[in-house]
>>> print(open('upload_25.pdb').read())   # PDB, C-alpha atoms
ATOM      1  CA  MET A   1       0.000   0.000   0.000
ATOM      2  CA  GLY A   2       2.890   2.403   0.629
ATOM      3  CA  ILE A   3       2.675   5.880   2.059
ATOM      4  CA  VAL A   4      -0.668   7.696   1.925
ATOM      5  CA  ILE A   5      -0.908  11.485   2.216
ATOM      6  CA  ARG A   6      -4.161  12.896   3.537
ATOM      7  CA  ARG A   7      -5.595  15.590   5.779
ATOM      8  CA  ALA A   8      -4.806  15.053   9.445
ATOM      9  CA  GLU A   9      -7.676  13.916  11.641
ATOM     10  CA  PRO A  10      -8.204  15.456  15.112
ATOM     11  CA  GLY A  11      -7.353  12.149  16.799
ATOM     12  CA  GLU A  12      -3.893  12.330  15.178
ATOM     13  CA  TYR A  13      -3.011  15.870  16.223
ATOM     14  CA  ALA A  14      -1.174  14.936  19.433
ATOM     15  CA  GLU A  15       0.818  12.201  17.694
ATOM     16  CA  LEU A  16       1.812  14.490  14.822
ATOM     17  CA  GLY A  17       2.723  17.233  17.281
ATOM     18  CA  GLU A  18       5.102  14.863  19.056
ATOM     19  CA  ILE A  19       6.607  13.619  15.787
ATOM     20  CA  THR A  20       7.237  17.213  14.737
ATOM     21  CA  ALA A  21       8.674  18.264  18.096
ATOM     22  CA  ARG A  22      10.934  15.183  18.271
ATOM     23  CA  ALA A  23      12.166  15.730  14.722
ATOM     24  CA  TYR A  24      13.057  19.379  15.348
ATOM     25  CA  LEU A  25      14.707  18.555  18.683
ATOM     26  CA  GLY A  26      16.557  15.513  17.381
ATOM     27  CA  ASP A  27      17.882  17.393  14.376
ATOM     28  CA  GLY A  28      19.094  20.280  16.534
ATOM     29  CA  LEU A  29      16.796  22.787  14.826
ATOM     30  CA  LEU A  30      15.694  24.647  17.934
ATOM     31  CA  ALA A  31      17.911  27.480  19.180
ATOM     32  CA  PHE A  32      17.039  26.771  22.815
ATOM     33  CA  GLY A  33      16.727  22.975  22.686
ATOM     34  CA  GLY A  34      14.126  21.454  24.992
ATOM     35  CA  SER A  35      13.314  24.837  26.530
ATOM     36  CA  ASP A  36      12.592  26.479  23.163
ATOM     37  CA  GLU A  37       9.186  28.216  23.094
ATOM     38  CA  TYR A  38       8.705  27.054  19.495
ATOM     39  CA  LEU A  39       8.189  23.494  20.785
ATOM     40  CA  ALA A  40       4.708  24.472  21.944
ATOM     41  CA  VAL A  41       3.919  25.800  18.462
ATOM     42  CA  LEU A  42       5.183  22.591  16.844
ATOM     43  CA  ARG A  43       3.047  20.472  19.168
ATOM     44  CA  ASP A  44      -0.134  22.536  18.691
ATOM     45  CA  VAL A  45      -1.426  20.834  15.571
ATOM     46  CA  ALA A  46      -5.033  21.748  16.414
ATOM     47  CA  LYS A  47      -4.181  25.445  16.194
ATOM     48  CA  ARG A  48      -2.407  24.905  12.861
ATOM     49  CA  ALA A  49      -5.334  22.887  11.507
ATOM     50  CA  ALA A  50      -7.749  25.685  12.432
ATOM     51  CA  ALA A  51      -5.753  28.218  10.377
ATOM     52  CA  ALA A  52      -4.298  26.114   7.536
ATOM     53  CA  GLU A  53      -4.342  22.583   6.122
ATOM     54  CA  VAL A  54      -2.358  19.957   8.004
ATOM     55  CA  LEU A  55      -1.442  16.856   6.052
ATOM     56  CA  VAL A  56      -0.101  13.577   7.375
ATOM     57  CA  ALA A  57       1.943  10.798   5.848
ATOM     58  CA  VAL A  58       0.522   7.446   6.913
ATOM     59  CA  GLU A  59       2.188   4.086   6.434
ATOM     60  CA  HIS A  60       0.645   0.808   7.656
ATOM     61  CA  ALA A  61      -2.028   2.806   9.538
ATOM     62  CA  ARG A  62       0.646   4.784  11.452
ATOM     63  CA  VAL A  63       1.304   8.520  11.165
ATOM     64  CA  ILE A  64       4.961   8.906  10.221
ATOM     65  CA  GLY A  65       5.102  12.592   9.341
ATOM     66  CA  GLY A  66       3.260  15.728   8.463
ATOM     67  CA  VAL A  67       3.321  19.204   7.017
ATOM     68  CA  THR A  68       1.320  22.411   7.239
ATOM     69  CA  PHE A  69       0.093  23.819   3.924
ATOM     70  CA  VAL A  70      -0.843  27.494   4.006
ATOM     71  CA  PRO A  71      -2.818  28.143   0.812
ATOM     72  CA  ALA A  72      -3.019  31.929   0.752
ATOM     73  CA  GLY A  73      -1.466  33.793   3.616
ATOM     74  CA  GLY A  74      -3.287  34.107   6.886
ATOM     75  CA  PRO A  75      -2.027  33.661  10.430
ATOM     76  CA  MET A  76       0.129  30.626   9.606
ATOM     77  CA  ALA A  77       2.113  32.309   6.829
ATOM     78  CA  ASP A  78       5.648  33.411   7.587
ATOM     79  CA  ILE A  79       6.819  34.582   4.168
ATOM     80  CA  ALA A  80       3.970  34.027   1.686
ATOM     81  CA  ARG A  81       2.915  37.032  -0.322
ATOM     82  CA  GLU A  82      -0.079  37.658  -2.554
ATOM     83  CA  GLY A  83      -0.483  34.728  -4.965
ATOM     84  CA  GLU A  84       1.741  32.397  -2.950
ATOM     85  CA  ALA A  85       1.150  29.281  -0.881
ATOM     86  CA  GLU A  86       3.550  28.302   1.884
ATOM     87  CA  ILE A  87       4.855  25.005   3.221
ATOM     88  CA  ARG A  88       5.629  24.903   6.946
ATOM     89  CA  MET A  89       6.704  22.486   9.658
ATOM     90  CA  LEU A  90       7.586  19.525   7.451
ATOM     91  CA  ALA A  91       8.643  16.636   9.674
ATOM     92  CA  VAL A  92       9.093  12.885   9.342
ATOM     93  CA  SER A  93       9.767  10.625  12.294
ATOM     94  CA  PRO A  94      13.441   9.597  12.377
ATOM     95  CA  GLU A  95      12.627   5.891  12.107
ATOM     96  CA  ALA A  96      10.577   6.472   8.923
ATOM     97  CA  ARG A  97      13.059   8.642   7.055
ATOM     98  CA  GLY A  98      14.468   7.638   3.710
ATOM     99  CA  ARG A  99      11.261   6.036   2.468
ATOM    100  CA  GLY A 100       9.823   9.001   0.566
ATOM    101  CA  ALA A 101       7.389  10.459   3.097
ATOM    102  CA  GLY A 102       8.966  13.921   3.096
ATOM    103  CA  GLU A 103       8.947  14.148  -0.679
ATOM    104  CA  ALA A 104       5.368  12.842  -0.847
ATOM    105  CA  LEU A 105       4.253  15.528   1.623
ATOM    106  CA  VAL A 106       5.943  18.281  -0.416
ATOM    107  CA  ARG A 107       4.421  16.939  -3.646
ATOM    108  CA  ALA A 108       0.965  16.968  -2.014
ATOM    109  CA  CYS A 109       1.454  20.636  -1.078
ATOM    110  CA  ILE A 110       2.478  21.475  -4.644
ATOM    111  CA  GLU A 111      -0.644  19.731  -5.987
ATOM    112  CA  ARG A 112      -2.823  21.657  -3.538
ATOM    113  CA  ALA A 113      -1.172  24.948  -4.487
ATOM    114  CA  ARG A 114      -1.900  24.292  -8.162
ATOM    115  CA  ALA A 115      -5.587  23.941  -7.236
ATOM    116  CA  VAL A 116      -5.674  27.315  -5.439
ATOM    117  CA  GLU A 117      -7.058  29.995  -7.743
ATOM    118  CA  GLY A 118      -4.504  32.744  -8.323
ATOM    119  CA  CYS A 119      -1.626  30.831  -6.742
ATOM    120  CA  VAL A 120       1.502  31.233  -8.857
ATOM    121  CA  ARG A 121       4.222  30.141  -6.436
ATOM    122  CA  VAL A 122       4.966  27.913  -3.447
ATOM    123  CA  VAL A 123       7.442  29.240  -0.884
ATOM    124  CA  LEU A 124       9.106  27.822   2.199
ATOM    125  CA  SER A 125      11.748  28.515   4.818
ATOM    126  CA  THR A 126      14.374  26.028   5.915
ATOM    127  CA  GLN A 127      17.422  25.943   8.118
ATOM    128  CA  ARG A 128      20.963  25.818   6.754
ATOM    129  CA  THR A 129      21.607  22.366   8.205
ATOM    130  CA  MET A 130      18.589  20.665   6.615
ATOM    131  CA  HIS A 131      20.550  19.306   3.653
ATOM    132  CA  THR A 132      18.258  16.328   3.001
ATOM    133  CA  ALA A 133      15.250  18.642   2.803
ATOM    134  CA  HIS A 134      17.158  20.996   0.484
ATOM    135  CA  ARG A 135      17.826  18.083  -1.881
ATOM    136  CA  ILE A 136      14.105  17.213  -1.921
ATOM    137  CA  TYR A 137      13.119  20.811  -2.657
ATOM    138  CA  GLU A 138      15.683  21.189  -5.424
ATOM    139  CA  ARG A 139      14.764  17.830  -6.988
ATOM    140  CA  LEU A 140      11.146  19.035  -7.149
ATOM    141  CA  GLY A 141      12.122  22.297  -8.866
ATOM    142  CA  PHE A 142      12.359  24.748  -5.978
ATOM    143  CA  VAL A 143      15.087  27.379  -6.281
ATOM    144  CA  ARG A 144      16.835  29.373  -3.583
ATOM    145  CA  THR A 145      15.554  32.897  -3.050
ATOM    146  CA  PRO A 146      18.309  34.428  -0.895
ATOM    147  CA  GLU A 147      16.769  37.881  -1.121
ATOM    148  CA  ARG A 148      13.900  36.531   1.022
ATOM    149  CA  ASP A 149      16.057  34.833   3.700
ATOM    150  CA  TRP A 150      15.034  36.003   7.155
ATOM    151  CA  ASN A 151      15.641  35.716  10.864
ATOM    152  CA  PRO A 152      12.662  34.690  13.043
ATOM    153  CA  ILE A 153      14.473  35.827  16.210
ATOM    154  CA  PRO A 154      16.160  39.104  15.186
ATOM    155  CA  HIS A 155      18.000  39.578  18.484
ATOM    156  CA  LEU A 156      19.922  36.333  17.766
ATOM    157  CA  ALA A 157      22.132  37.217  14.819
ATOM    158  CA  ASP A 158      23.228  33.636  14.106
ATOM    159  CA  ILE A 159      19.767  32.383  13.100
ATOM    160  CA  LEU A 160      18.981  32.685   9.415
ATOM    161  CA  LEU A 161      16.248  30.810   7.600
ATOM    162  CA  LEU A 162      16.935  30.096   3.945
ATOM    163  CA  THR A 163      14.044  30.429   1.537
ATOM    164  CA  TYR A 164      13.027  28.535  -1.560
ATOM    165  CA  ALA A 165      10.320  29.099  -4.159
ATOM    166  CA  LEU A 166       8.674  27.013  -6.849
ATOM    167  CA  GLU A 167       6.969  28.766  -9.753
ATOM    168  CA  LEU A 168       3.760  26.975 -10.701
TER     169      LEU A 168
END
>>> encode(input="upload_25.pdb", output="structure tokens")
Amino acid sequence: MGIVIRRAEPGEYAELGEITARAYLGDGLLAFGGSDEYLAVLRDVAKRAAAAEVLVAVEHARVIGGVTFVPAGGPMADIAREGEAEIRMLAVSPEARGRGAGEALVRACIERARAVEGCVRVVLSTQRTMHTAHRIYERLGFVRTPERDWNPIPHLADILLLTYALEL
């Protein structure tokens, strides 16, 4: 049966929140480790689902990853502008990596963006150390947009999120 991508169900929110938090912590993506305030945001899938579309990757009836698709701005958008959709909080559980779940989640977001009237581009932010994710984005046609790179915590000069865009 393979990996299935679908909208997250409320009963899966807590599990996906933990997968996302563990992935970010395990990969060293949080500036303040286990005390980082962003952990609460990563775990709050219900809040994300109320403001955007949360997708899950399911394999053998188990949630193994997820992503937040922001179709046209709104409270979940970090960098999306008019006519852009945004991909946020992509995470795959460490034990499920390397089987295509991350790429399948990104592809699902691209398909959804193509169905959004007036959407001409998909954008995302990523950290410098996320080399595997960068390879997925580039393989799918995303290109770096360094002019849009940004710092989510301006008082910490060493944090810079890289940005990518895909023209639809």
>>> resolve_selection(input="upload_25.pdb", expression="the PyMOL selection byres ((chain A and resi 16-22) around 8)", output="PyMOL selection string")
chain A and resi 12-15+23-26+39+42-45+56+63-66+89-93
>>> resolve_selection(input="upload_25.pdb", expression="the PyMOL selection byres ((chain A and resi 130) around 12)", output="list in words")
Ala23, Tyr24, Asp27, Gly28, Leu29, Leu90, Ala91, Ser125, Thr126, Gln127, Arg128, Thr129, His131, Thr132, Ala133, His134, Arg135, Ile136, Tyr137, Leu161, Leu162 and Thr163 of chain A
>>> atom_distance(input="upload_25.pdb", atom1="CA of Val116 in chain A", atom2="CA of Thr68 in chain A")
15.3 Å
>>> atom_distance(input="upload_25.pdb", atom1="CA of Ala80 in chain A", atom2="CA of Val58 in chain A")
27.3 Å
>>> resolve_selection(input="upload_25.pdb", expression="the PyMOL selection byres ((chain A and resi 3) around 12)", output="list in words")
Met1, Gly2, Val4, Ile5, Arg6, Val56, Ala57, Val58, Glu59, His60, Ala61, Arg62, Val63, Ile64, Gly65, Gly66, Val92, Ala96, Arg97, Arg99, Gly100, Ala101, Gly102, Glu103, Ala104, Leu105 and Ala108 of chain A
>>> write_last_selection(input="upload_25.pdb", atoms="C-alpha atoms", output="JSON list (two decimals), in the coordinates of the input")
[["chain", "number", "residue", "atom", "x", "y", "z"],
["A", 1, "MET", "CA", 0.00, 0.00, 0.00],
["A", 2, "GLY", "CA", 2.89, 2.40, 0.63],
["A", 4, "VAL", "CA", -0.67, 7.70, 1.92],
["A", 5, "ILE", "CA", -0.91, 11.48, 2.22],
["A", 6, "ARG", "CA", -4.16, 12.90, 3.54],
["A", 56, "VAL", "CA", -0.10, 13.58, 7.38],
["A", 57, "ALA", "CA", 1.94, 10.80, 5.85],
["A", 58, "VAL", "CA", 0.52, 7.45, 6.91],
["A", 59, "GLU", "CA", 2.19, 4.09, 6.43],
["A", 60, "HIS", "CA", 0.64, 0.81, 7.66],
["A", 61, "ALA", "CA", -2.03, 2.81, 9.54],
["A", 62, "ARG", "CA", 0.65, 4.78, 11.45],
["A", 63, "VAL", "CA", 1.30, 8.52, 11.16],
["A", 64, "ILE", "CA", 4.96, 8.91, 10.22],
["A", 65, "GLY", "CA", 5.10, 12.59, 9.34],
["A", 66, "GLY", "CA", 3.26, 15.73, 8.46],
["A", 92, "VAL", "CA", 9.09, 12.88, 9.34],
["A", 96, "ALA", "CA", 10.58, 6.47, 8.92],
["A", 97, "ARG", "CA", 13.06, 8.64, 7.06],
["A", 99, "ARG", "CA", 11.26, 6.04, 2.47],
["A", 100, "GLY", "CA", 9.82, 9.00, 0.57],
["A", 101, "ALA", "CA", 7.39, 10.46, 3.10],
["A", 102, "GLY", "CA", 8.97, 13.92, 3.10],
["A", 103, "GLU", "CA", 8.95, 14.15, -0.68],
["A", 104, "ALA", "CA", 5.37, 12.84, -0.85],
["A", 105, "LEU", "CA", 4.25, 15.53, 1.62],
["A", 108, "ALA", "CA", 0.96, 16.97, -2.01]]
>>> atom_distance(input="upload_25.pdb", atom1="CA of Leu166 in chain A", atom2="CA of Thr145 in chain A")
9.8 Å
>>> residues_around(input="upload_25.pdb", residues="Ile79 in chain A", least_positions_apart="6", cutoff="9 Å", atoms="all atoms listed in the file", output="ChimeraX atom specification")
/A:73,86,123-125,148,150,163
>>> write_last_selection(input="upload_25.pdb", atoms="C-alpha atoms", output="tab-separated table (two decimals), in the frame of the given file")
chain	number	residue	atom	x	y	z
A	73	GLY	CA	-1.47	33.79	3.62
A	86	GLU	CA	3.55	28.30	1.88
A	123	VAL	CA	7.44	29.24	-0.88
A	124	LEU	CA	9.11	27.82	2.20
A	125	SER	CA	11.75	28.52	4.82
A	148	ARG	CA	13.90	36.53	1.02
A	150	TRP	CA	15.03	36.00	7.16
A	163	THR	CA	14.04	30.43	1.54
>>> closest_residue(input="upload_25.pdb", among="A:Pro154, A:Leu30, A:Ala77, A:Ala50", to="Ala8 in chain A", atoms="all atoms listed in the file")
A:Ala50
>>> closest_residue(input="upload_25.pdb", among="A:Ile153, A:Ala49, A:Leu55, A:Tyr164", to="Phe32 in chain A", atoms="all atoms listed in the file")
A:Ile153
>>> axis_aligned_box(input="upload_25.pdb", around="range 74-82 of chain A", padding_each_side="6 Å", output="JSON")
{"center_x": 1.8, "center_y": 34.1, "center_z": 3.9, "size_x": 22.1, "size_y": 19.0, "size_z": 25.0}
>>> closest_residue(input="upload_25.pdb", among="A:Arg144, A:His155, A:Arg114, A:Arg88", to="Ala52 in chain A", atoms="only C-alpha atoms")
A:Arg88
